[in-house]
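Here's input.txt, which has compact mmCIF, C-alpha atoms:
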# COMPACT_ATOMS: atom_id res chain seq x y z
CA MET A 1 -9.98 70.56 -68.52
CA ALA A 2 -8.57 74.09 -68.87
CA ASP A 3 -6.08 75.14 -66.19
CA TYR A 4 -7.50 78.48 -65.07
CA LYS A 5 -4.93 78.78 -62.28
CA SER A 6 -2.26 79.70 -64.82
CA GLU A 7 -4.37 82.67 -65.94
CA LEU A 8 -4.17 84.45 -62.58
CA VAL A 9 -0.98 86.26 -63.52
CA GLY A 10 0.95 88.52 -61.16
CA THR A 11 3.44 88.68 -58.32
CA HIS A 12 1.90 91.46 -56.24
CA PRO A 13 1.33 90.42 -52.58
CA SER A 14 -2.42 90.87 -53.01
CA ILE A 15 -2.42 88.26 -55.79
CA ASP A 16 -0.29 85.83 -53.77
CA ALA A 17 -2.76 86.19 -50.89
CA LEU A 18 -5.69 85.71 -53.28
CA ARG A 19 -4.25 82.43 -54.61
CA LYS A 20 -3.95 81.07 -51.06
CA LEU A 21 -7.48 82.18 -50.20
CA ILE A 22 -8.89 80.56 -53.35
CA ASP A 23 -7.34 77.21 -52.39
CA ARG A 24 -8.58 77.50 -48.81
CA VAL A 25 -12.13 78.39 -49.85
CA ALA A 26 -12.21 75.74 -52.59
CA ASN A 27 -11.31 72.99 -50.13
CA SER A 28 -13.78 74.15 -47.49
CA PRO A 29 -17.38 72.90 -47.20
CA ALA A 30 -18.72 76.44 -47.75
CA ARG A 31 -21.79 76.40 -50.00
CA THR A 32 -21.77 80.14 -50.68
CA VAL A 33 -18.89 82.38 -51.77
CA LEU A 34 -19.12 86.08 -52.60
CA ILE A 35 -16.60 87.78 -54.88
CA TYR A 36 -16.22 91.56 -54.90
CA GLY A 37 -14.30 93.38 -57.60
CA GLU A 38 -14.45 96.20 -60.11
CA THR A 39 -15.43 95.45 -63.68
CA GLY A 40 -12.65 93.59 -65.48
CA THR A 41 -10.73 92.39 -62.40
CA GLY A 42 -11.32 88.69 -63.14
CA LYS A 43 -14.27 87.65 -60.98
CA GLY A 44 -15.30 84.93 -63.45
CA LEU A 45 -11.74 83.58 -63.55
CA VAL A 46 -11.58 83.37 -59.75
CA ALA A 47 -14.96 81.60 -59.65
CA ARG A 48 -13.71 78.96 -62.09
CA MET A 49 -10.50 78.55 -60.08
CA ILE A 50 -12.53 77.91 -56.92
CA HIS A 51 -14.56 75.27 -58.74
CA GLN A 52 -11.53 73.66 -60.34
CA ALA A 53 -9.59 73.46 -57.06
CA SER A 54 -12.54 71.88 -55.22
CA SER A 55 -13.87 68.33 -54.92
CA ARG A 56 -16.64 69.42 -57.31
CA ALA A 57 -14.23 69.94 -60.22
CA ALA A 58 -15.40 66.83 -62.11
CA ARG A 59 -19.00 68.13 -62.11
CA GLU A 60 -20.59 71.04 -63.96
CA PHE A 61 -19.63 74.68 -63.58
CA VAL A 62 -22.61 76.76 -64.71
CA ASP A 63 -21.96 80.44 -65.46
CA ILE A 64 -25.07 82.66 -65.24
CA ASN A 65 -25.01 86.42 -65.84
CA CYS A 66 -28.01 87.71 -63.91
CA ALA A 67 -27.96 91.00 -65.84
CA ALA A 68 -27.99 89.35 -69.28
CA ILE A 69 -31.23 87.33 -68.96
CA PRO A 70 -34.57 89.17 -68.75
CA ALA A 71 -36.24 88.78 -65.35
CA SER A 72 -39.30 87.24 -67.02
CA LEU A 73 -37.15 84.35 -68.32
CA LEU A 74 -34.57 84.01 -65.56
CA GLU A 75 -36.71 82.01 -63.14
CA SER A 76 -37.35 79.32 -65.75
CA GLU A 77 -33.67 79.34 -66.76
CA LEU A 78 -32.53 78.90 -63.17
CA PHE A 79 -35.14 76.52 -61.80
CA GLY A 80 -36.65 74.90 -64.89
CA HIS A 81 -40.37 74.32 -65.45
CA GLU A 82 -42.94 71.58 -65.83
CA ARG A 83 -44.82 70.90 -69.02
CA GLY A 84 -47.83 73.21 -69.26
CA ALA A 85 -46.56 75.52 -66.50
CA PHE A 86 -47.19 78.50 -68.79
CA THR A 87 -48.04 79.23 -72.40
CA GLY A 88 -45.31 77.78 -74.57
CA ALA A 89 -44.07 75.26 -71.99
CA VAL A 90 -44.68 72.24 -74.23
CA GLU A 91 -42.29 69.99 -72.35
CA ARG A 92 -40.53 69.71 -69.03
CA LYS A 93 -37.28 71.69 -68.84
CA LEU A 94 -34.33 71.10 -66.53
CA GLY A 95 -33.06 74.33 -64.94
CA LEU A 96 -29.43 75.42 -64.83
CA ILE A 97 -29.23 74.91 -61.08
CA GLU A 98 -30.43 71.32 -61.33
CA ALA A 99 -27.99 70.73 -64.20
CA ALA A 100 -25.18 71.79 -61.85
CA ASN A 101 -26.05 69.29 -59.12
CA LYS A 102 -22.88 68.26 -57.23
CA GLY A 103 -21.09 71.11 -59.02
CA SER A 104 -20.91 74.91 -58.86
CA VAL A 105 -23.15 77.76 -60.03
CA PHE A 106 -21.60 81.16 -60.70
CA LEU A 107 -24.13 83.99 -60.36
CA ASP A 108 -22.45 87.03 -61.90
CA GLU A 109 -23.96 90.47 -61.21
CA ILE A 110 -26.15 88.98 -58.48
CA ARG A 111 -27.42 92.41 -57.46
CA GLU A 112 -29.48 92.39 -60.68
CA LEU A 113 -31.76 89.61 -59.38
CA ASP A 114 -35.27 90.96 -58.92
CA PRO A 115 -36.90 90.62 -55.43
CA PRO A 116 -39.01 87.48 -56.11
CA LEU A 117 -35.95 85.60 -57.36
CA GLN A 118 -33.90 86.85 -54.41
CA THR A 119 -36.52 85.28 -52.14
CA LYS A 120 -36.49 81.97 -54.02
CA LEU A 121 -32.68 81.88 -54.01
CA LEU A 122 -32.59 82.52 -50.25
CA SER A 123 -34.96 79.59 -49.68
CA LEU A 124 -32.77 77.37 -51.87
CA LEU A 125 -29.62 78.34 -49.96
CA ASP A 126 -31.29 77.53 -46.65
CA THR A 127 -32.91 74.22 -47.63
CA GLN A 128 -31.02 72.97 -50.73
CA GLN A 129 -34.47 72.53 -52.26
CA PHE A 130 -36.52 74.39 -54.87
CA ARG A 131 -39.61 73.88 -57.00
CA ARG A 132 -39.58 74.05 -60.75
CA VAL A 133 -42.06 76.53 -62.20
CA GLY A 134 -45.39 74.72 -62.14
CA ALA A 135 -44.15 71.84 -59.93
CA VAL A 136 -45.78 70.56 -56.74
CA LYS A 137 -42.93 68.56 -55.21
CA PRO A 138 -39.55 70.10 -54.38
CA THR A 139 -36.26 69.06 -55.98
CA THR A 140 -33.15 68.63 -53.82
CA VAL A 141 -29.71 69.70 -55.09
CA ASP A 142 -26.17 69.86 -53.77
CA VAL A 143 -24.64 72.99 -55.32
CA ARG A 144 -22.01 75.53 -54.31
CA PHE A 145 -23.12 79.05 -55.22
CA ILE A 146 -20.40 81.55 -56.14
CA ALA A 147 -21.85 85.05 -56.49
CA ALA A 148 -20.10 88.14 -57.81
CA THR A 149 -20.79 91.85 -57.83
CA ASN A 150 -18.97 95.05 -58.76
CA LYS A 151 -21.00 97.02 -56.20
CA VAL A 152 -20.88 97.07 -52.41
CA LEU A 153 -23.88 94.87 -51.62
CA LEU A 154 -24.44 96.45 -48.22
CA SER A 155 -25.05 99.76 -50.00
CA GLU A 156 -27.61 97.99 -52.19
CA VAL A 157 -29.25 96.65 -49.02
CA ASN A 158 -29.37 100.12 -47.47
CA ALA A 159 -30.88 101.46 -50.69
CA GLY A 160 -33.62 98.82 -50.53
CA LYS A 161 -32.46 97.09 -53.72
CA PHE A 162 -31.19 93.84 -52.18
CA ARG A 163 -32.58 91.60 -49.44
CA GLU A 164 -30.70 91.99 -46.18
CA ASP A 165 -31.12 88.33 -45.19
CA LEU A 166 -29.83 87.16 -48.58
CA TYR A 167 -26.84 89.52 -48.24
CA TYR A 168 -25.83 87.97 -44.90
CA ARG A 169 -26.40 84.47 -46.30
CA LEU A 170 -24.00 85.18 -49.17
CA GLN A 171 -21.46 87.08 -47.05
CA VAL A 172 -20.21 83.97 -45.18
CA VAL A 173 -17.01 83.87 -47.26
CA ALA A 174 -16.04 86.96 -49.28
CA LEU A 175 -13.07 87.55 -51.60
CA ASN A 176 -12.02 91.04 -52.67
CA LEU A 177 -10.19 91.37 -55.98
CA PRO A 178 -7.72 94.29 -56.24
CA ALA A 179 -7.99 96.84 -59.02
CA LEU A 180 -5.18 96.70 -61.58
CA HIS A 181 -3.81 100.15 -60.68
CA GLU A 182 -3.27 98.87 -57.11
CA ARG A 183 -1.04 96.01 -58.25
CA GLY A 184 2.17 97.90 -59.10
CA ASP A 185 4.44 96.16 -61.59
CA ASP A 186 1.78 93.53 -62.31
CA VAL A 187 0.60 95.90 -65.07
CA LEU A 188 3.80 95.17 -67.02
CA THR A 189 3.82 91.49 -66.02
CA LEU A 190 0.30 91.08 -67.40
CA ALA A 191 1.14 93.06 -70.53
CA ARG A 192 4.05 90.71 -71.27
CA TYR A 193 1.79 87.70 -70.63
CA PHE A 194 -0.79 88.98 -73.13
CA ILE A 195 1.90 89.86 -75.68
CA LYS A 196 3.13 86.26 -75.52
CA LYS A 197 -0.46 84.99 -75.78
CA TYR A 198 -1.33 87.08 -78.84
CA ASN A 199 2.02 86.47 -80.53
CA ALA A 200 1.01 82.80 -80.60
CA MET A 201 -2.60 83.48 -81.55
CA TYR A 202 -1.90 85.97 -84.35
CA LYS A 203 1.43 84.46 -85.45
CA ARG A 204 3.26 87.72 -84.71
CA ASP A 205 6.65 88.46 -83.19
CA ILE A 206 6.12 91.60 -81.14
CA THR A 207 9.13 91.77 -78.85
CA GLY A 208 7.60 93.97 -76.16
CA MET A 209 6.92 97.60 -75.33
CA ALA A 210 9.05 100.68 -75.76
CA PRO A 211 10.20 102.14 -72.41
CA GLU A 212 7.94 105.16 -73.04
CA THR A 213 4.95 102.83 -73.45
CA GLU A 214 5.80 101.03 -70.22
CA ASP A 215 5.89 104.38 -68.45
CA ILE A 216 2.43 105.24 -69.77
CA PHE A 217 1.10 101.83 -68.71
CA MET A 218 2.39 102.38 -65.17
CA ARG A 219 0.90 105.88 -64.93
CA TYR A 220 -2.54 105.04 -66.36
CA ARG A 221 -5.22 103.99 -63.84
CA TRP A 222 -6.87 101.26 -65.99
CA PRO A 223 -10.54 101.85 -65.05
CA GLY A 224 -11.44 98.70 -67.02
CA ASN A 225 -8.73 96.74 -65.19
CA VAL A 226 -7.20 93.55 -66.64
CA ARG A 227 -9.93 93.25 -69.28
CA GLU A 228 -9.16 96.74 -70.59
CA LEU A 229 -5.43 95.95 -70.74
CA GLU A 230 -5.98 92.69 -72.61
CA ASN A 231 -8.45 94.20 -75.08
CA LEU A 232 -6.07 97.10 -75.79
CA LEU A 233 -3.18 94.79 -76.56
CA GLU A 234 -5.27 92.54 -78.79
CA ARG A 235 -6.43 95.62 -80.72
CA ILE A 236 -2.78 96.64 -81.24
CA PHE A 237 -1.95 93.15 -82.52
CA ILE A 238 -4.78 93.40 -85.05
CA LEU A 239 -4.28 96.97 -86.26
CA GLU A 240 -0.56 97.80 -85.93
CA GLU A 241 2.39 96.43 -87.89
CA ASP A 242 5.37 97.43 -85.72
CA ASP A 243 7.34 94.82 -83.78
CA VAL A 244 7.37 97.00 -80.66
CA ILE A 245 4.37 98.60 -78.96
CA LEU A 246 4.84 102.36 -79.20
CA PRO A 247 3.05 105.31 -77.53
CA ARG A 248 1.41 106.21 -80.85
CA HIS A 249 -0.39 102.85 -80.84
CA LEU A 250 -2.33 103.85 -77.72
CA PRO A 251 -5.76 105.52 -77.82
CA ALA A 252 -5.86 109.26 -77.31
CA ARG A 253 -8.02 108.82 -74.20
CA ILE A 254 -5.17 106.99 -72.45
CA LEU A 255 -2.62 109.64 -73.40
CA ARG A 256 -5.01 112.39 -72.28
CA SER A 257 -5.62 110.61 -68.98
CA VAL A 258 -1.92 110.22 -68.23
CA ALA A 259 -1.23 113.80 -69.26
CA ALA A 260 -3.93 114.98 -66.87
CA GLY A 261 -2.34 113.14 -63.96
CA GLY A 262 -3.52 109.56 -64.37
CA ALA A 263 -7.21 110.02 -63.63
CA PRO A 264 -9.57 108.88 -66.42
CA VAL A 265 -11.00 111.83 -68.32
CA GLY A 266 -13.64 112.47 -70.94
CA PRO A 267 -16.58 110.19 -71.76
CA GLU A 268 -15.59 107.50 -69.22
CA GLY A 269 -17.12 109.61 -66.49
CA ALA A 270 -14.29 111.08 -64.42
CA ALA A 271 -13.97 114.79 -63.88
CA PRO A 272 -11.84 116.70 -66.42
CA ALA A 273 -8.70 118.56 -65.46
CA PRO A 274 -9.26 122.15 -64.22
CA GLU A 275 -9.81 124.64 -67.02
CA GLY A 276 -6.57 125.91 -68.50
CA SER A 277 -4.41 123.05 -67.18
CA PHE A 278 -5.03 120.40 -69.83
CA ARG A 279 -2.85 121.90 -72.57
CA GLU A 280 0.03 122.44 -70.13
CA ALA A 281 -0.28 118.89 -68.75
CA THR A 282 -0.36 117.42 -72.26
CA GLU A 283 2.71 119.37 -73.37
CA ALA A 284 4.59 118.43 -70.19
CA PHE A 285 3.84 114.76 -70.79
CA GLN A 286 4.89 114.95 -74.45
CA ARG A 287 8.09 116.74 -73.43
CA MET A 288 8.88 113.99 -70.92
CA ILE A 289 8.31 111.20 -73.48
CA VAL A 290 10.47 112.87 -76.13
CA ALA A 291 13.22 113.66 -73.61
CA GLN A 292 13.27 110.05 -72.41
CA ALA A 293 13.57 108.78 -75.98
CA LEU A 294 16.42 111.19 -76.73
CA GLU A 295 18.26 110.20 -73.56
CA ALA A 296 17.88 106.49 -74.33
CA ALA A 297 19.12 107.13 -77.87
CA GLU A 298 22.10 109.18 -76.53
CA GLY A 299 20.93 112.16 -78.56
CA ASN A 300 20.65 110.35 -81.90
CA LEU A 301 17.56 111.85 -83.56
CA GLN A 302 16.93 108.97 -85.95
CA THR A 303 17.14 106.35 -83.17
CA ALA A 304 14.87 108.41 -80.91
CA ALA A 305 12.38 108.95 -83.75
CA THR A 306 12.28 105.20 -84.42
CA ARG A 307 11.60 104.48 -80.74
CA LEU A 308 8.67 106.92 -80.80
CA GLY A 309 7.30 105.67 -84.12
CA LEU A 310 7.92 109.05 -85.79
CA SER A 311 9.91 110.22 -88.78
CA ARG A 312 13.07 112.20 -88.05
CA HIS A 313 11.42 115.31 -89.49
CA ALA A 314 8.33 114.87 -87.26
CA LEU A 315 10.53 114.47 -84.18
CA ARG A 316 12.42 117.68 -84.97
CA HIS A 317 9.08 119.46 -85.39
CA GLN A 318 7.92 118.19 -81.99
CA MET A 319 11.19 119.24 -80.33
CA ILE A 320 10.85 122.78 -81.66
CA LYS A 321 7.18 122.90 -80.63
CA LEU A 322 7.99 121.67 -77.10
CA GLY A 323 11.05 123.89 -76.64
CA LEU A 324 13.58 121.04 -76.66
CA THR A 325 17.00 121.49 -78.27
Written form, C-alpha cells:
Amino acid sequence: MADYKSELVGTHPSIDALRKLIDRVANSPARTVLIYGETGTGKGLVARMIHQASSRAAREFVDINCAAIPASLLESELFGHERGAFTGAVERKLGLIEAANKGSVFLDEIRELDPPLQTKLLSLLDTQQFRRVGAVKPTTVDVRFIAATNKVLLSEVNAGKFREDLYYRLQVVALNLPALHERGDDVLTLARYFIKKYNAMYKRDITGMAPETEDIFMRYRWPGNVRELENLLERIFILEEDDVILPRHLPARILRSVAAGGAPVGPEGAAPAPEGSFREATEAFQRMIVAQALEAAEGNLQTAATRLGLSRHALRHQMIKLGLT
C-alpha cells in the first residue's frame, strides 16, 4: 500500500496542524468529511491520507470525480443498476458505493452533483441505505464519504445550486487546505522534494535552483498551487538540459506575474498591471535579477552569465540596456 503521508510535504504551521487534524478525523467515527481547498492544493491526497490512517484502510478507497462523469451516467455509476432497468442494462451492475462497503468514497467536486443525485446522496447519508436503479429492495452499506470542493459551498447554497440540508450534513467535519502562496518557505521545500523525485524518475542530476530562481518562486503566487509547481518542474526536467534550474527555464507568464508585483496576469484571469507600469516593472525585476547574479559572482561577468543561463555577450547587452555598469 502506498504511503501517502510522506507526500504531504512541508514544515509550515498550517501543514503541521493539518497532519494532526487528518489523524484525529481518520480515527473518529465520522461518516462524512468535507475538504475545502483551491485547485491543486492536494484535496485528493488528504482524502487518501484520511482513509489510510483509519480502520477502513484495508478496504476500498473509491475516487469519484463528480464533474468528470455525465449526470445521465453518474447515478448508475454510483448506485449500480438491475438487469433491464433501462435500455442497454443487460446485466446487474454493482455501483461504486457498494464496491466501497466498509471503506471510503471520495466525492471530488461534489458541488457538480445535479439536484436529484444530491437528494439521493442525502438519503444515503441519513440511512446508510440506497436502491440500485431499477431495484425494489434497498441495499445497506457502511461507507465513509469524503467530499471535496474548491468553492465555498454555502455560497452555492445561497445561489440555489446546492441543497442546504445536504450542505449541513456534509459540514460536520471540515478541513481547509492552505494555498501554496500562504505557506512561506514550503514553496522551496516542495520544489526540492519534486527535484529529488524527478531526478530519480528521469535519471537526471539537477542539483537545485539558482538563487534568482528561488527568489522568483517565493515571489510568485502559484494560482495552481502545488500541482502547478510540480508540473512546472517536471516540464523543466523534460525540456531543459542544464544541471541547475535557471530563470530562463521559467514560462514568460511567471516572469511577467512577478514583475507586475506577484499577482497572476494575462490569460489566467487576474487584472493586468495599470497601463504604463508593466514595462517599468519588468525592467525593475530584470535589473534586480542581474544585480543579484553579479553580486553573487563578485562582479565576474562570466560567472554571473553562467548563473543566469546567458552568454557573456548577452549579459553585457542586458546590463547596458538596464543601465547597469
What's the 12 Å shell around stretch 290-293 of chain A, counting only C-alpha atoms, without same-chain residues fewer than 3 positions away, as a ChimeraX atom specification? /A:210-215,246-247,283-287,296-310,314-325
Mind dumping the selected residues with C-alpha atoms as an mmCIF file, keeping the file's coordinate frame?
data_model
loop_
_atom_site.group_PDB
_atom_site.id
_atom_site.type_symbol
_atom_site.label_atom_id
_atom_site.label_comp_id
_atom_site.auth_asym_id
_atom_site.auth_seq_id
_atom_site.Cartn_x
_atom_site.Cartn_y
_atom_site.Cartn_z
ATOM 1 C CA ALA A 210 9.050 100.680 -75.760
ATOM 2 C CA PRO A 211 10.200 102.140 -72.410
ATOM 3 C CA GLU A 212 7.940 105.160 -73.040
ATOM 4 C CA THR A 213 4.950 102.830 -73.450
ATOM 5 C CA GLU A 214 5.800 101.030 -70.220
ATOM 6 C CA ASP A 215 5.890 104.380 -68.450
ATOM 7 C CA LEU A 246 4.840 102.360 -79.200
ATOM 8 C CA PRO A 247 3.050 105.310 -77.530
ATOM 9 C CA GLU A 283 2.710 119.370 -73.370
ATOM 10 C CA ALA A 284 4.590 118.430 -70.190
ATOM 11 C CA PHE A 285 3.840 114.760 -70.790
ATOM 12 C CA GLN A 286 4.890 114.950 -74.450
ATOM 13 C CA ARG A 287 8.090 116.740 -73.430
ATOM 14 C CA ALA A 296 17.880 106.490 -74.330
ATOM 15 C CA ALA A 297 19.120 107.130 -77.870
ATOM 16 C CA GLU A 298 22.100 109.180 -76.530
ATOM 17 C CA GLY A 299 20.930 112.160 -78.560
ATOM 18 C CA ASN A 300 20.650 110.350 -81.900
ATOM 19 C CA LEU A 301 17.560 111.850 -83.560
ATOM 20 C CA GLN A 302 16.930 108.970 -85.950
ATOM 21 C CA THR A 303 17.140 106.350 -83.170
ATOM 22 C CA ALA A 304 14.870 108.410 -80.910
ATOM 23 C CA ALA A 305 12.380 108.950 -83.750
ATOM 24 C CA THR A 306 12.280 105.200 -84.420
ATOM 25 C CA ARG A 307 11.600 104.480 -80.740
ATOM 26 C CA LEU A 308 8.670 106.920 -80.800
ATOM 27 C CA GLY A 309 7.300 105.670 -84.120
ATOM 28 C CA LEU A 310 7.920 109.050 -85.790
ATOM 29 C CA ALA A 314 8.330 114.870 -87.260
ATOM 30 C CA LEU A 315 10.530 114.470 -84.180
ATOM 31 C CA ARG A 316 12.420 117.680 -84.970
ATOM 32 C CA HIS A 317 9.080 119.460 -85.390
ATOM 33 C CA GLN A 318 7.920 118.190 -81.990
ATOM 34 C CA MET A 319 11.190 119.240 -80.330
ATOM 35 C CA ILE A 320 10.850 122.780 -81.660
ATOM 36 C CA LYS A 321 7.180 122.900 -80.630
ATOM 37 C CA LEU A 322 7.990 121.670 -77.100
ATOM 38 C CA GLY A 323 11.050 123.890 -76.640
ATOM 39 C CA LEU A 324 13.580 121.040 -76.660
ATOM 40 C CA THR A 325 17.000 121.490 -78.270
#
Would you kindly identify which residues have an atom no farther than 10 Å from (-31.2, 90.5, -51.1), using all atoms listed in the file and the file's own coordinates, and write them out as a ChimeraX atom specification? /A:110-119,121-122,153-154,156-157,160-170
At a cut-off of 10 Å around the point (-35.3, 70.7, -53.9) (file coordinates), what residues fall inside when counting all atoms listed in the file? I'd like the answer as a VMD selection string. chain A and resid 79 98 123 to 124 127 to 132 137 to 142
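Between atom CA of A:Glu234 and atom CA of A:Trp222 the interatomic distance comes to 15.6 Å.
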Just to confirm, what's the straight-line distance from atom CA of A:Glu228 to atom CA of A:Asp205 in Å (one decimal)?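 These two atoms are separated by 21.8 Å.
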Please identify all polymer residues within 8 Å of stretch 176-185 of chain A, counting only C-alpha atoms, omitting same-chain residues fewer than 4 positions from it, and present them as a PyMOL selection string. chain A and resi 12+14+18+35-38+41-43+189+218+220-222+225-226
So that I can see what lies close to A:Arg227, please list as a list of chain:residue names the residues with an atom at most 9 Å from it, counting all atoms listed in the file and leaving out residues fewer than 2 positions away in the same chain.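 So the residues in contact are A:Thr39, A:Gly40, A:Thr41, A:Gly42, A:Gly224, A:Asn225, A:Leu229, A:Glu230, A:Asn231, A:Leu232.
The list of residues with at least one atom within 6 Å of A:Ala174, based on only C-alpha atoms and without residues fewer than 2 positions apart in the same chain, reads Val33, Leu34, Ile35 and Gln171 of chain A.
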Across A:Asp186, A:Val244, A:Lys151, A:Leu175, the smallest distance to A:Ile206, with all atoms listed in the file counted, is shown by A:Val244
Which residue of A:Leu239, A:Val62, A:Gly44, A:Leu94 approaches A:Asn150 most closely, using all atoms listed in the file: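 Nearest to A:Asn150: A:Gly44.
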Of the listed residues A:Ala100, A:Met209, A:Leu21, A:Ala135, that which approaches A:Ser76 most closely, counting only C-alpha atoms: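 For A:Ser76, the nearest of the candidates is A:Ala135.
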To one decimal place, how far is atom CA of A:Glu91 from atom CA of A:Ala58 in Å? 28.9 Å
Best match for closeness to A:Ala26 among A:Ser6, A:Ser55, A:Thr11, A:Glu109, counting only C-alpha atoms: A:Ser55
If you count all atoms listed in the file, which residues fall within 10 Å of A:Ser54, apart from same-chain ones fewer than 2 positions away, as a ChimeraX atom specification? /A:22-29,48-52,56-58,103-104
Specify the axis-aligned box that encloses all atoms of stretch 60-78 of chain A listed in the file after padding of 5 Å on each side, stating its centre and edge lengths in Å to one decimal as JSON.
{"center_x": -29.5, "center_y": 81.0, "center_z": -66.2, "size_x": 29.7, "size_y": 30.0, "size_z": 16.1}
Looking at only C-alpha atoms, which of A:Thr32, A:Met288, A:Lys5, A:Ser257 is the one that sits closest to A:Lys20?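 With only C-alpha atoms as the atom set, the closest residue is A:Lys5.
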Identify which of the residues A:Leu74, A:Met201, A:Ala30, A:Leu190 lies closest to A:Val143, counting all atoms listed in the file when measuring atom-to-atom distances.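 Result for the nearest residue to A:Val143: A:Ala30.
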